[in-house]
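Engineer: Provided below: target-v9.cif, containing mmCIF, C-alpha atoms and all ligand atoms.
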```
data_structure
loop_
_atom_site.label_atom_id
_atom_site.label_comp_id
_atom_site.auth_asym_id
_atom_site.auth_seq_id
_atom_site.Cartn_x
_atom_site.Cartn_y
_atom_site.Cartn_z
CA MET A 1370 16.51 -9.21 104.80
CA THR A 1371 13.80 -10.17 107.27
CA ASP A 1372 11.49 -13.17 107.24
CA THR A 1373 8.56 -13.16 109.60
CA ASP A 1374 6.93 -16.46 108.79
CA GLU A 1375 9.79 -18.94 109.06
CA GLN A 1376 9.11 -21.90 111.27
CA LEU A 1377 11.34 -24.30 113.16
CA PRO A 1378 13.18 -26.76 110.93
CA ASN A 1379 11.60 -30.23 110.78
CA VAL A 1380 13.79 -31.56 113.49
CA GLY A 1381 12.86 -28.74 115.82
CA ARG A 1382 9.20 -29.13 115.00
CA ARG A 1383 9.38 -32.81 115.88
CA ALA A 1384 11.00 -31.97 119.19
CA PHE A 1385 8.36 -29.31 119.75
CA MET A 1386 5.54 -31.81 119.17
CA TRP A 1387 7.20 -34.30 121.46
CA GLY A 1388 7.22 -31.70 124.22
CA ALA A 1389 3.65 -30.71 123.48
CA ALA A 1390 2.58 -34.33 123.75
CA ILE A 1391 3.98 -34.61 127.24
CA ALA A 1392 2.32 -31.58 128.71
CA ALA A 1393 0.68 -28.37 127.73
CA ALA A 1394 3.82 -26.59 128.87
CA ALA A 1395 6.47 -24.86 126.82
CA PRO A 1396 8.98 -27.37 125.51
CA ILE A 1397 12.66 -26.76 126.02
CA VAL A 1398 14.33 -27.51 122.71
CA THR A 1399 18.02 -28.10 123.31
CA GLU A 1400 21.01 -28.52 121.02
CA ALA A 1401 20.80 -32.25 121.77
CA ASN A 1402 17.18 -32.41 120.54
CA LEU A 1403 18.06 -30.43 117.44
CA ALA A 1404 21.24 -32.38 116.70
CA TRP A 1405 19.61 -35.78 117.04
CA GLY A 1406 16.20 -34.95 115.63
CA LEU A 1407 14.70 -36.33 118.81
CA GLN A 1408 13.50 -39.83 118.02
CA HIS A 1409 10.97 -41.18 120.48
CA GLY A 1410 12.52 -39.06 123.18
CA ARG A 1411 15.86 -40.86 122.76
CA LEU A 1412 19.05 -39.12 121.80
CA GLY A 1413 21.46 -40.91 119.52
CA ALA A 1414 19.64 -44.24 119.57
CA ASP A 1415 21.25 -46.98 117.45
CA VAL A 1416 24.49 -45.09 116.85
CA PRO A 1417 27.46 -47.41 116.22
CA PRO A 1418 29.90 -47.34 119.17
CA ASP A 1419 32.77 -46.27 116.91
CA ALA A 1420 30.83 -43.40 115.31
CA VAL A 1421 32.43 -39.96 115.08
CA LEU A 1422 30.02 -37.62 116.88
CA ILE A 1423 30.64 -34.09 115.66
CA ASN A 1424 26.97 -33.16 115.41
CA ALA A 1425 25.99 -31.47 118.69
CA ASN A 1426 28.76 -28.97 119.54
CA GLU A 1427 29.81 -31.10 122.48
CA ASN A 1428 33.25 -31.16 124.04
CA PRO A 1429 34.90 -34.57 123.64
CA LEU A 1430 37.25 -33.80 126.55
CA GLY A 1431 34.38 -33.99 129.06
CA PRO A 1432 34.68 -32.48 132.55
CA SER A 1433 38.15 -31.51 133.77
CA LYS A 1434 40.08 -33.75 136.17
CA ALA A 1435 39.29 -31.43 139.07
CA ALA A 1436 35.60 -31.41 138.14
CA LEU A 1437 35.52 -35.22 138.04
CA GLN A 1438 37.18 -35.35 141.46
CA ALA A 1439 34.65 -32.86 142.83
CA ILE A 1440 31.79 -35.01 141.50
CA THR A 1441 33.27 -38.09 143.15
CA ASP A 1442 33.75 -36.25 146.43
CA ILE A 1443 30.24 -34.78 146.58
CA ALA A 1444 28.33 -37.83 145.34
CA PRO A 1445 28.09 -39.50 148.80
CA LEU A 1446 26.22 -36.39 150.01
CA GLY A 1447 23.75 -36.76 147.15
CA GLY A 1448 21.14 -38.20 149.49
CA ARG A 1449 20.51 -34.70 150.75
CA TYR A 1450 19.54 -31.47 149.06
CA ASP A 1451 22.15 -28.76 148.68
CA LYS A 1452 23.29 -29.06 152.29
CA LEU A 1453 26.57 -27.25 151.61
CA ASP A 1454 24.85 -24.23 150.04
CA LEU A 1455 26.71 -24.86 146.83
CA MET A 1456 24.29 -22.69 144.85
CA ASP A 1457 25.32 -19.70 146.95
CA LYS A 1458 28.99 -20.65 146.79
CA PHE A 1459 28.79 -20.93 143.03
CA SER A 1460 27.06 -17.55 142.64
CA GLN A 1461 29.52 -15.86 144.95
CA LYS A 1462 32.51 -17.29 143.14
CA PHE A 1463 31.26 -16.46 139.65
CA ALA A 1464 30.19 -12.98 140.79
CA SER A 1465 33.55 -12.19 142.40
CA GLN A 1466 35.43 -13.42 139.32
CA HIS A 1467 33.42 -11.11 137.05
CA GLY A 1468 32.76 -7.99 139.13
CA LEU A 1469 29.08 -8.93 139.53
CA LYS A 1470 26.85 -9.36 142.58
CA PRO A 1471 25.48 -12.80 143.48
CA GLU A 1472 21.96 -11.44 142.90
CA ASN A 1473 22.90 -10.92 139.24
CA ILE A 1474 23.08 -14.71 138.78
CA ALA A 1475 20.35 -17.31 138.42
CA ILE A 1476 21.62 -20.89 138.15
CA TYR A 1477 19.90 -23.53 136.06
CA ALA A 1478 20.63 -27.02 134.80
CA GLY A 1479 22.11 -25.64 131.57
CA SER A 1480 21.40 -22.38 129.77
CA SER A 1481 18.54 -23.82 127.71
CA GLU A 1482 16.08 -23.17 130.53
CA PRO A 1483 16.80 -19.46 131.04
CA LEU A 1484 17.00 -19.04 127.25
CA HIS A 1485 13.44 -20.30 126.86
CA TYR A 1486 12.16 -18.54 129.97
CA THR A 1487 13.54 -15.21 128.75
CA VAL A 1488 11.70 -15.54 125.45
CA LEU A 1489 8.53 -16.66 127.25
CA ALA A 1490 8.75 -13.79 129.71
CA PHE A 1491 9.54 -10.95 127.32
CA THR A 1492 7.68 -11.86 124.09
CA SER A 1493 3.96 -12.02 123.39
CA PRO A 1494 1.67 -11.88 120.35
CA SER A 1495 2.38 -8.15 120.25
CA ARG A 1496 6.09 -8.26 121.22
CA GLY A 1497 8.21 -10.21 118.79
CA LEU A 1498 11.45 -12.16 118.81
CA VAL A 1499 14.23 -10.91 116.55
CA THR A 1500 16.98 -13.38 115.74
CA ALA A 1501 19.74 -13.81 113.18
CA ASP A 1502 19.53 -16.29 110.33
CA PRO A 1503 21.15 -18.70 110.56
CA SER A 1504 21.44 -18.78 114.33
CA TYR A 1505 20.62 -21.07 117.21
CA GLU A 1506 17.01 -22.21 116.82
CA SER A 1507 15.98 -22.75 120.45
CA PRO A 1508 14.49 -19.29 120.97
CA LEU A 1509 12.10 -19.97 118.07
CA ALA A 1510 10.38 -22.76 119.99
CA ALA A 1511 9.59 -20.51 122.92
CA ALA A 1512 8.43 -17.66 120.66
CA GLN A 1513 6.16 -20.03 118.73
CA PHE A 1514 4.70 -21.28 121.97
CA LYS A 1515 4.03 -17.70 123.02
CA GLY A 1516 2.46 -16.86 119.64
CA ALA A 1517 5.05 -14.11 119.25
CA PRO A 1518 6.01 -12.84 115.80
CA ILE A 1519 9.43 -14.11 114.72
CA HIS A 1520 11.73 -11.88 112.68
CA LYS A 1521 14.75 -13.57 111.16
CA VAL A 1522 17.48 -11.26 109.93
CA ARG A 1523 20.21 -12.52 107.60
CA LEU A 1524 23.80 -12.40 108.79
CA THR A 1525 26.09 -9.79 107.22
CA PRO A 1526 28.55 -10.83 104.47
CA ASP A 1527 31.09 -11.52 107.25
CA ALA A 1528 28.51 -13.72 108.98
CA ALA A 1529 28.12 -11.31 111.90
CA HIS A 1530 24.71 -10.32 113.29
CA ASP A 1531 23.32 -7.41 111.27
CA VAL A 1532 22.46 -5.43 114.39
CA LYS A 1533 21.10 -2.40 112.53
CA ALA A 1534 18.65 -4.57 110.58
CA MET A 1535 17.81 -6.52 113.73
CA VAL A 1536 16.98 -3.41 115.71
CA ALA A 1537 14.88 -2.11 112.80
CA ALA A 1538 13.09 -5.44 112.30
CA ASP A 1539 10.43 -4.95 114.96
CA PRO A 1540 9.73 -1.59 116.60
CA ASN A 1541 7.84 -3.52 119.25
CA ALA A 1542 10.39 -6.29 119.81
CA GLY A 1543 10.28 -8.12 123.11
CA VAL A 1544 13.61 -9.95 122.72
CA ILE A 1545 16.54 -9.42 120.37
CA TYR A 1546 18.65 -12.59 120.48
CA ILE A 1547 22.38 -12.32 119.77
CA CYS A 1548 24.48 -15.47 119.88
CA ASN A 1549 28.17 -14.59 120.13
CA PRO A 1550 30.05 -16.51 118.77
CA ASN A 1551 27.14 -17.60 116.65
CA ASN A 1552 25.87 -21.15 116.51
CA PRO A 1553 26.11 -22.52 113.76
CA THR A 1554 28.77 -20.36 112.04
CA GLY A 1555 31.13 -19.80 114.98
CA THR A 1556 31.48 -16.23 113.74
CA ILE A 1557 31.85 -13.15 115.90
CA THR A 1558 29.64 -10.10 116.17
CA PRO A 1559 31.87 -7.22 117.27
CA ARG A 1560 31.23 -5.99 120.80
CA GLU A 1561 30.68 -2.44 119.56
CA ASP A 1562 27.79 -3.75 117.42
CA ILE A 1563 26.20 -5.40 120.46
CA LEU A 1564 26.61 -2.20 122.45
CA TRP A 1565 25.04 -0.27 119.57
CA ALA A 1566 22.05 -2.62 119.62
CA LEU A 1567 21.76 -2.17 123.38
CA ALA A 1568 21.75 1.62 123.00
CA ASN A 1569 19.33 1.69 120.06
CA LYS A 1570 16.90 -1.19 120.64
CA PRO A 1571 13.18 -0.45 120.94
CA ALA A 1572 12.05 0.73 124.35
CA GLY A 1573 10.84 -2.07 126.57
CA SER A 1574 12.76 -4.78 124.71
CA ILE A 1575 15.72 -6.68 126.06
CA LEU A 1576 18.84 -8.05 124.45
CA LEU A 1577 19.40 -11.75 125.08
CA VAL A 1578 23.14 -12.26 124.56
CA ASP A 1579 24.02 -15.94 124.40
CA GLU A 1580 27.68 -16.41 125.35
CA ALA A 1581 27.65 -20.22 125.27
CA TYR A 1582 30.85 -20.21 123.18
CA ILE A 1583 32.48 -16.94 124.33
CA HIS A 1584 35.42 -18.70 126.04
CA LEU A 1585 36.51 -20.16 122.72
CA SER A 1586 36.96 -16.71 121.16
CA ASP A 1587 39.18 -13.73 121.97
CA GLU A 1588 36.13 -11.48 122.25
CA GLN A 1589 35.44 -9.46 125.36
CA ASP A 1590 32.16 -10.54 126.94
CA VAL A 1591 29.33 -8.11 127.78
CA LEU A 1592 29.00 -8.88 131.49
CA ASP A 1593 30.11 -5.29 132.21
CA GLN A 1594 26.80 -4.19 130.67
CA VAL A 1595 24.98 -6.12 133.38
CA VAL A 1596 27.10 -4.34 135.99
CA ALA A 1597 26.13 -1.08 134.27
CA GLY A 1598 22.45 -1.96 134.79
CA LYS A 1599 21.52 -2.24 131.10
CA ASP A 1600 18.48 -4.06 129.65
CA LEU A 1601 20.13 -7.36 128.81
CA ILE A 1602 20.24 -10.95 129.94
CA VAL A 1603 23.49 -12.83 129.32
CA LEU A 1604 23.49 -16.62 129.09
CA ARG A 1605 26.45 -18.80 130.07
CA THR A 1606 26.76 -22.59 130.06
CA PHE A 1607 29.20 -25.21 131.31
CA SER A 1608 28.29 -27.44 128.35
CA LYS A 1609 31.00 -26.17 125.99
CA VAL A 1610 34.54 -25.29 127.06
CA TYR A 1611 33.96 -26.93 130.48
CA GLY A 1612 32.75 -30.20 128.90
CA MET A 1613 29.72 -30.62 131.16
CA ALA A 1614 26.82 -30.93 128.67
CA GLY A 1615 25.62 -34.13 130.35
CA ILE A 1616 26.28 -32.84 133.88
CA ARG A 1617 24.12 -29.72 133.27
CA CYS A 1618 24.97 -26.31 134.62
CA GLY A 1619 24.28 -22.88 133.17
CA MET A 1620 23.02 -19.49 134.18
CA ALA A 1621 21.31 -16.25 133.36
CA ILE A 1622 23.17 -13.11 134.36
CA ALA A 1623 21.22 -9.86 134.59
CA ARG A 1624 19.77 -7.14 136.79
CA PRO A 1625 17.74 -8.72 139.60
CA ASP A 1626 14.47 -7.18 138.33
CA LEU A 1627 14.98 -8.88 134.94
CA LEU A 1628 15.83 -12.22 136.55
CA GLU A 1629 12.68 -11.94 138.62
CA LYS A 1630 10.64 -11.99 135.41
CA LEU A 1631 11.93 -15.54 134.78
CA GLN A 1632 10.76 -16.79 138.16
CA PRO A 1633 7.14 -17.61 137.15
CA TYR A 1634 8.69 -20.30 134.93
CA LEU A 1635 10.27 -21.83 138.04
CA GLN A 1636 13.81 -22.71 138.99
CA ASN A 1637 14.60 -26.15 140.32
CA MET A 1638 17.28 -27.16 142.83
CA MET A 1639 20.55 -27.85 141.08
CA PRO A 1640 22.16 -31.30 141.30
CA VAL A 1641 25.03 -31.03 143.80
CA THR A 1642 27.28 -32.91 141.39
CA ALA A 1643 26.85 -30.21 138.74
CA LEU A 1644 27.50 -27.42 141.21
CA ALA A 1645 30.59 -29.07 142.67
CA ALA A 1646 31.98 -29.68 139.18
CA ALA A 1647 31.22 -26.12 138.10
CA VAL A 1648 32.91 -24.61 141.16
CA ALA A 1649 35.97 -26.82 140.62
CA SER A 1650 36.06 -25.72 136.97
CA LEU A 1651 35.94 -22.04 137.91
CA ASP A 1652 38.80 -22.64 140.36
CA ASP A 1653 41.09 -23.95 137.61
CA PRO A 1654 42.87 -21.03 135.89
CA ASP A 1655 44.41 -23.25 133.19
CA LEU A 1656 41.24 -24.98 132.04
CA VAL A 1657 39.86 -22.33 129.68
CA PRO A 1658 43.14 -21.27 127.97
CA THR A 1659 44.32 -24.87 127.53
CA ARG A 1660 41.06 -26.10 126.06
CA LYS A 1661 40.56 -23.01 123.96
CA LYS A 1662 43.95 -23.57 122.32
CA TRP A 1663 43.33 -27.29 121.86
CA ILE A 1664 40.03 -26.66 120.09
CA ALA A 1665 41.39 -23.73 118.05
CA ASP A 1666 44.39 -25.78 116.85
CA THR A 1667 42.13 -28.60 115.66
CA ARG A 1668 39.70 -26.15 114.06
CA ARG A 1669 42.51 -24.33 112.20
CA GLU A 1670 43.99 -27.60 110.95
CA THR A 1671 40.59 -28.77 109.66
CA ILE A 1672 39.73 -25.45 108.01
CA ALA A 1673 43.18 -25.23 106.40
CA TRP A 1674 42.66 -28.69 104.95
CA LEU A 1675 39.20 -27.76 103.66
CA GLN A 1676 40.53 -24.64 101.97
CA GLN A 1677 43.50 -26.42 100.42
CA ALA A 1678 41.19 -29.09 99.07
CA GLY A 1679 39.00 -26.41 97.47
CA TYR A 1680 36.02 -26.69 99.83
CA LYS A 1681 34.25 -23.63 101.15
CA PRO A 1682 34.13 -22.96 104.89
CA ILE A 1683 31.81 -20.02 105.59
CA GLY A 1684 33.09 -17.00 107.49
CA VAL A 1685 35.77 -17.18 110.18
CA SER A 1686 34.88 -19.43 113.09
CA HIS A 1687 36.08 -18.60 116.60
CA SER A 1688 34.24 -21.50 118.17
CA ASN A 1689 33.95 -25.28 118.28
CA CYS A 1690 31.82 -25.38 115.13
CA PHE A 1691 31.89 -24.04 111.59
CA MET A 1692 29.84 -24.30 108.44
CA ILE A 1693 30.84 -25.55 105.01
CA ASP A 1694 29.05 -24.64 101.80
CA THR A 1695 29.00 -28.04 100.12
CA GLY A 1696 27.63 -26.76 96.81
CA ARG A 1697 24.94 -29.42 96.90
CA ASP A 1698 21.99 -30.43 99.03
CA GLY A 1699 23.31 -30.50 102.60
CA HIS A 1700 20.96 -33.28 103.68
CA GLY A 1701 22.55 -35.61 101.11
CA VAL A 1702 26.02 -34.83 102.46
CA ILE A 1703 24.86 -35.44 106.05
CA ASP A 1704 23.29 -38.78 105.10
CA ALA A 1705 26.32 -39.92 103.10
CA LEU A 1706 28.66 -39.07 105.99
CA ARG A 1707 26.37 -40.83 108.43
CA SER A 1708 26.54 -43.99 106.35
CA ARG A 1709 30.32 -43.74 106.90
CA LYS A 1710 29.72 -43.43 110.65
CA VAL A 1711 30.56 -39.73 110.73
CA TYR A 1712 27.73 -37.73 112.31
CA ILE A 1713 27.89 -34.02 111.51
CA GLY A 1714 25.43 -31.26 112.39
CA ARG A 1715 22.27 -30.14 110.68
CA ILE A 1716 21.43 -27.63 107.97
CA TRP A 1717 19.60 -24.34 108.40
CA PRO A 1718 16.78 -23.76 105.86
CA VAL A 1719 18.19 -20.38 104.82
CA TRP A 1720 21.39 -22.10 103.61
CA PRO A 1721 20.25 -25.50 102.35
CA ASN A 1722 23.67 -26.36 100.92
CA ALA A 1723 25.62 -25.61 104.08
CA VAL A 1724 26.29 -28.09 106.87
CA ARG A 1725 27.54 -27.49 110.40
CA VAL A 1726 30.52 -29.43 111.68
CA THR A 1727 31.61 -29.54 115.34
CA VAL A 1728 35.32 -29.58 116.13
CA GLY A 1729 36.07 -32.97 117.66
CA THR A 1730 39.38 -34.57 118.62
CA PRO A 1731 42.24 -34.51 116.07
CA ASP A 1732 41.59 -38.21 115.47
CA GLU A 1733 37.87 -37.62 114.87
CA MET A 1734 38.62 -34.77 112.48
CA ALA A 1735 41.06 -36.99 110.55
CA LYS A 1736 38.22 -39.49 110.08
CA PHE A 1737 35.90 -36.64 109.09
CA ARG A 1738 38.36 -35.47 106.42
CA VAL A 1739 38.61 -38.91 104.84
CA ALA A 1740 34.83 -39.40 104.82
CA PHE A 1741 34.09 -35.85 103.64
CA LYS A 1742 36.45 -36.19 100.67
CA GLU A 1743 34.89 -39.51 99.71
CA VAL A 1744 31.41 -38.00 99.86
CA MET A 1745 32.36 -34.88 97.94
CA ASP A 1746 34.28 -36.88 95.32
CA ALA A 1747 31.12 -38.84 94.58
CA PRO A 1748 28.64 -37.20 92.23
CA ALA A 1749 25.89 -35.20 93.93
CA MET A 1750 22.62 -37.08 94.14
CA ALA A 1751 19.85 -36.47 91.59
CA GLY A 1752 18.08 -33.22 92.24
CA SER A 1753 21.15 -31.51 93.66
CA PRO A 1754 21.93 -28.16 92.04
CA THR A 1755 24.53 -27.85 89.30
CA PRO A 1756 27.58 -25.70 90.11
CA ALA A 1757 26.03 -22.82 88.11
CA GLN A 1758 22.72 -23.09 89.95
CA HIS A 1759 24.65 -23.31 93.16
CA ALA A 1760 26.64 -20.16 92.42
CA SER A 1761 23.47 -18.14 91.91
CA ALA A 1762 21.88 -19.71 94.99
CA SER A 1763 24.95 -18.70 96.95
CA LEU A 1764 24.45 -15.09 95.95
CA SER A 1765 20.72 -14.92 96.57
CA GLY A 1766 20.13 -17.52 99.25
CA MET A 1767 23.23 -16.73 101.26
CA GLY A 1768 22.84 -13.00 101.09
CA GLY A 1769 26.28 -12.57 99.54
CA THR A 1770 28.04 -14.12 102.54
CA ARG A 1771 31.81 -14.25 102.02
CA PHE A 1772 33.68 -17.50 101.70
CA LEU A 1773 37.18 -18.00 102.90
CA SER A 1774 38.78 -19.75 99.99
C1 LIG A 1801 24.04 -21.07 121.42
C2 LIG A 1801 23.63 -22.03 122.47
N1 LIG A 1801 22.98 -21.57 123.53
C3 LIG A 1801 22.58 -22.38 124.52
C4 LIG A 1801 22.83 -23.71 124.44
C5 LIG A 1801 22.30 -24.54 125.56
O1 LIG A 1801 23.18 -25.37 126.14
P1 LIG A 1801 22.92 -26.04 127.55
O2 LIG A 1801 21.46 -26.11 127.82
O3 LIG A 1801 23.55 -27.36 127.44
O4 LIG A 1801 23.58 -25.13 128.53
C6 LIG A 1801 23.52 -24.25 123.35
C7 LIG A 1801 23.81 -25.67 123.23
O5 LIG A 1801 24.44 -26.13 122.34
C8 LIG A 1801 23.92 -23.37 122.33
O6 LIG A 1801 24.55 -23.81 121.24
#
```
Do you think you could lay out the structure here as structure tokens?

Structural biologist:
Amino acid sequence: MTDTDEQLPNVGRRAFMWGAAIAAAAPIVTEANLAWGLQHGRLGADVPPDAVLINANENPLGPSKAALQAITDIAPLGGRYDKLDLMDKFSQKFASQHGLKPENIAIYAGSSEPLHYTVLAFTSPSRGLVTADPSYESPLAAAQFKGAPIHKVRLTPDAAHDVKAMVAADPNAGVIYICNPNNPTGTITPREDILWALANKPAGSILLVDEAYIHLSDEQDVLDQVVAGKDLIVLRTFSKVYGMAGIRCGMAIARPDLLEKLQPYLQNMMPVTALAAAVASLDDPDLVPTRKKWIADTRRETIAWLQQAGYKPIGVSHSNCFMIDTGRDGHGVIDALRSRKVYIGRIWPVWPNAVRVTVGTPDEMAKFRVAFKEVMDAPAMAGSPTPAQHASASLSGMGGTRFLS
């Protein structure tokens, strides 16, 4: 099913207006803005110090030891611009690790910038954005700014991207956005489906494949398609498995002629601290497998508990987040958890009863389990759907998406 007139959720719209108030430039709506509902430009204001923060898909481990050491070592040189040519060193290292050329890589302070710039560069009032629903909302802000039509395509029953419906959604698409694993569901879209979309997309469109969470899954990435010269831009970030959301490093990976199209939106110098930490992270062969296992173990333990207790996780997550169908208004669940100092993620309008939860530390997830049970044991607030209403909403509103229980 395709919706063309859906707008940003309230939170995103608030962030959008905040950006618009600052300048008549395109706002960059990040996960942090969306998770916190951007209040007065401040993230997480007035949060109790002992709060459990599993609302923004962050990594509680933070930067690795080697990355922290690299930051400490480079900081004294911070009075100068990138004197050590770290941007080049970073590109060369990443390129050689992935069979790419350095000119395939454009480095930014996080992947939010190239995500927005890609949508700005390749959509227009006559060339739309096609995205899954639910999926990461950031591209919507850029498409709205551009006045581009937005086509939202429901996930399949397995919560994968419905690539056939996405390709068919707009014969004049500018950008088809595929987030793999998907935020918010953590679910996988098989590589062969992405390759099918690449082979069958409308002429002149590009695939924007967001691999922010790819390290947490067993999926093969699609960087080889860049090497093969295909029409796609791949996004990577150091905000997730590498724990550097606040340090800021990400990139767009594509053919040089596609990257050139992002240049009118500018590209700032990178902070040397971010580059040094990113290079140190890439040099550490144990970092990704160790953290991937740590997150997967905690995720499996939490999901197993949810299933045993009769709750309904949606789909199979391969990431640091998952969704739960609460069977009642998701906003009420979020508020009730927040009053217990447990901050979980937002809802997506297409699934108003489902909430996103980020995988935190085992201790944080233990606190989440206690609070979640308390909230779910309490009667749903007035106006919440009855179980029967909920069951029919699940079938219609959730497009028949499968539950795990
Ligand atoms: C799917 C997805 N893409 C991109 C980003 C952007 O992250 P950053 O700008 O921190 O690299 C996020 C952040 O959570 C995300 O979830």

Engineer: Could you work out how far CA of Val1603 in chain A lies from CA of Pro1429 in chain A, giving the answer in Å with one decimal?

Structural biologist: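 Between CA of Pro1429 in chain A and CA of Val1603 in chain A the gap works out to 25.2 Å.
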
Engineer: Pick the closest to Arg1449 in chain A from A:Val1728, A:Leu1706, A:Met1639, A:Ile1693: which is it, counting all atoms listed in the file?

Structural biologist: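 The closest residue to Arg1449 in chain A is A:Met1639.
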
Engineer: Counting all atoms listed in the file, note down every residue that has an atom within 10 Å of the point (19.4, -15.0, 141.2) (file coordinates), as a list of chain:residue names.

Structural biologist: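 Residues lying no farther than 10 Å from the given point: A:Met1456, A:Asp1457, A:Ser1460, A:Lys1470, A:Pro1471, A:Glu1472, A:Asn1473, A:Ile1474, A:Ala1475, A:Ile1476, A:Tyr1477, A:Met1620, A:Ala1621, A:Ile1622, A:Ala1623, A:Arg1624, A:Pro1625, A:Asp1626, A:Leu1627, A:Leu1628, A:Glu1629, A:Leu1631, A:Gln1632, A:Gln1636.
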
Engineer: Could you please determine the separation between CA of Ala1478 in chain A and CA of Pro1550 in chain A in Å, to one decimal place?

Structural biologist: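 Separation between CA of Ala1478 in chain A and CA of Pro1550 in chain A: 21.4 Å.
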
Engineer: Near His1530 in chain A, counting only C-alpha atoms, which residues have an atom at most 10 Å away, once you skip same-chain residues fewer than 5 positions from it, shown as a PyMOL selection string?

Structural biologist: chain A and resi 1500-1504+1522-1525+1535+1546-1551+1556-1559+1562-1563

Engineer: To box ligand LIG 1801 (chain A), take all atoms listed in the file, fit an axis-aligned box, add 6 Å on each side, and give centre and edge lengths in Å to one decimal, as lines of an AutoDock Vina configuration file.

Structural biologist:
```
center_x = 23.0
center_y = -24.2
center_z = 124.9
size_x = 15.1
size_y = 18.3
size_z = 19.3
```

Engineer: Using 7 Å as the limit and counting all atoms listed in the file, can you tabulate each residue of chain A that touches ligand LIG 1801 (chain A), with its shortest atom-to-atom distance in Å and the two atoms involved, as CSV?

Structural biologist:
```
residue,atom,partner,partner_atom,distance
A:Thr1399,CA,A:LIG1801,C5,6.0
A:Glu1400,CA,A:LIG1801,O5,4.4
A:Ala1425,CA,A:LIG1801,O5,6.7
A:Asn1426,CA,A:LIG1801,O5,5.9
A:Gly1479,CA,A:LIG1801,O4,3.4
A:Ser1480,CA,A:LIG1801,O4,3.7
A:Ser1481,CA,A:LIG1801,O2,3.7
A:Glu1482,CA,A:LIG1801,O2,6.7
A:Tyr1505,CA,A:LIG1801,C1,5.4
A:Cys1548,CA,A:LIG1801,C1,5.8
A:Asn1551,CA,A:LIG1801,C1,6.7
A:Asn1552,CA,A:LIG1801,C1,5.2
A:Asp1579,CA,A:LIG1801,N1,5.8
A:Ala1581,CA,A:LIG1801,N1,5.2
A:Thr1606,CA,A:LIG1801,O4,4.3
A:Phe1607,CA,A:LIG1801,O4,6.3
A:Ser1608,CA,A:LIG1801,O3,4.8
A:Ala1614,CA,A:LIG1801,O3,5.0
A:Arg1617,CA,A:LIG1801,O3,6.3
A:Cys1618,CA,A:LIG1801,O4,6.4
A:Gly1619,CA,A:LIG1801,O4,5.2
```

Engineer: Rounded to one decimal in Å, what is the spacing between CA of Leu1604 in chain A and CA of Pro1571 in chain A?

Structural biologist: 20.8 Å

Engineer: List as a PyMOL selection string: which residues have an atom within 8 Å of (32.4, -29.0, 109.0), counting only C-alpha atoms?

Structural biologist: chain A and resi 1682+1690-1693+1713+1724-1728

Engineer: So which one's closest to Val1488 in chain A, A:Trp1565, A:Tyr1634, A:Phe1463, A:Tyr1611? Using all atoms listed in the file, please.

Structural biologist: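 Closest candidate: A:Tyr1634.
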
Engineer: Give me the residues near Ala1439 in chain A as a PyMOL selection string, where near means some atom within 12 Å (using only C-alpha atoms) and where sequence neighbours in that chain fewer than 2 positions away do not count.

Structural biologist: chain A and resi 1432-1437+1441-1446+1455+1641-1652

Engineer: Considering all atoms listed in the file, can you say which of A:Ala1740, A:Ala1572, A:Leu1469, A:Val1532 comes closest to Arg1496 in chain A?

Structural biologist: A:Ala1572
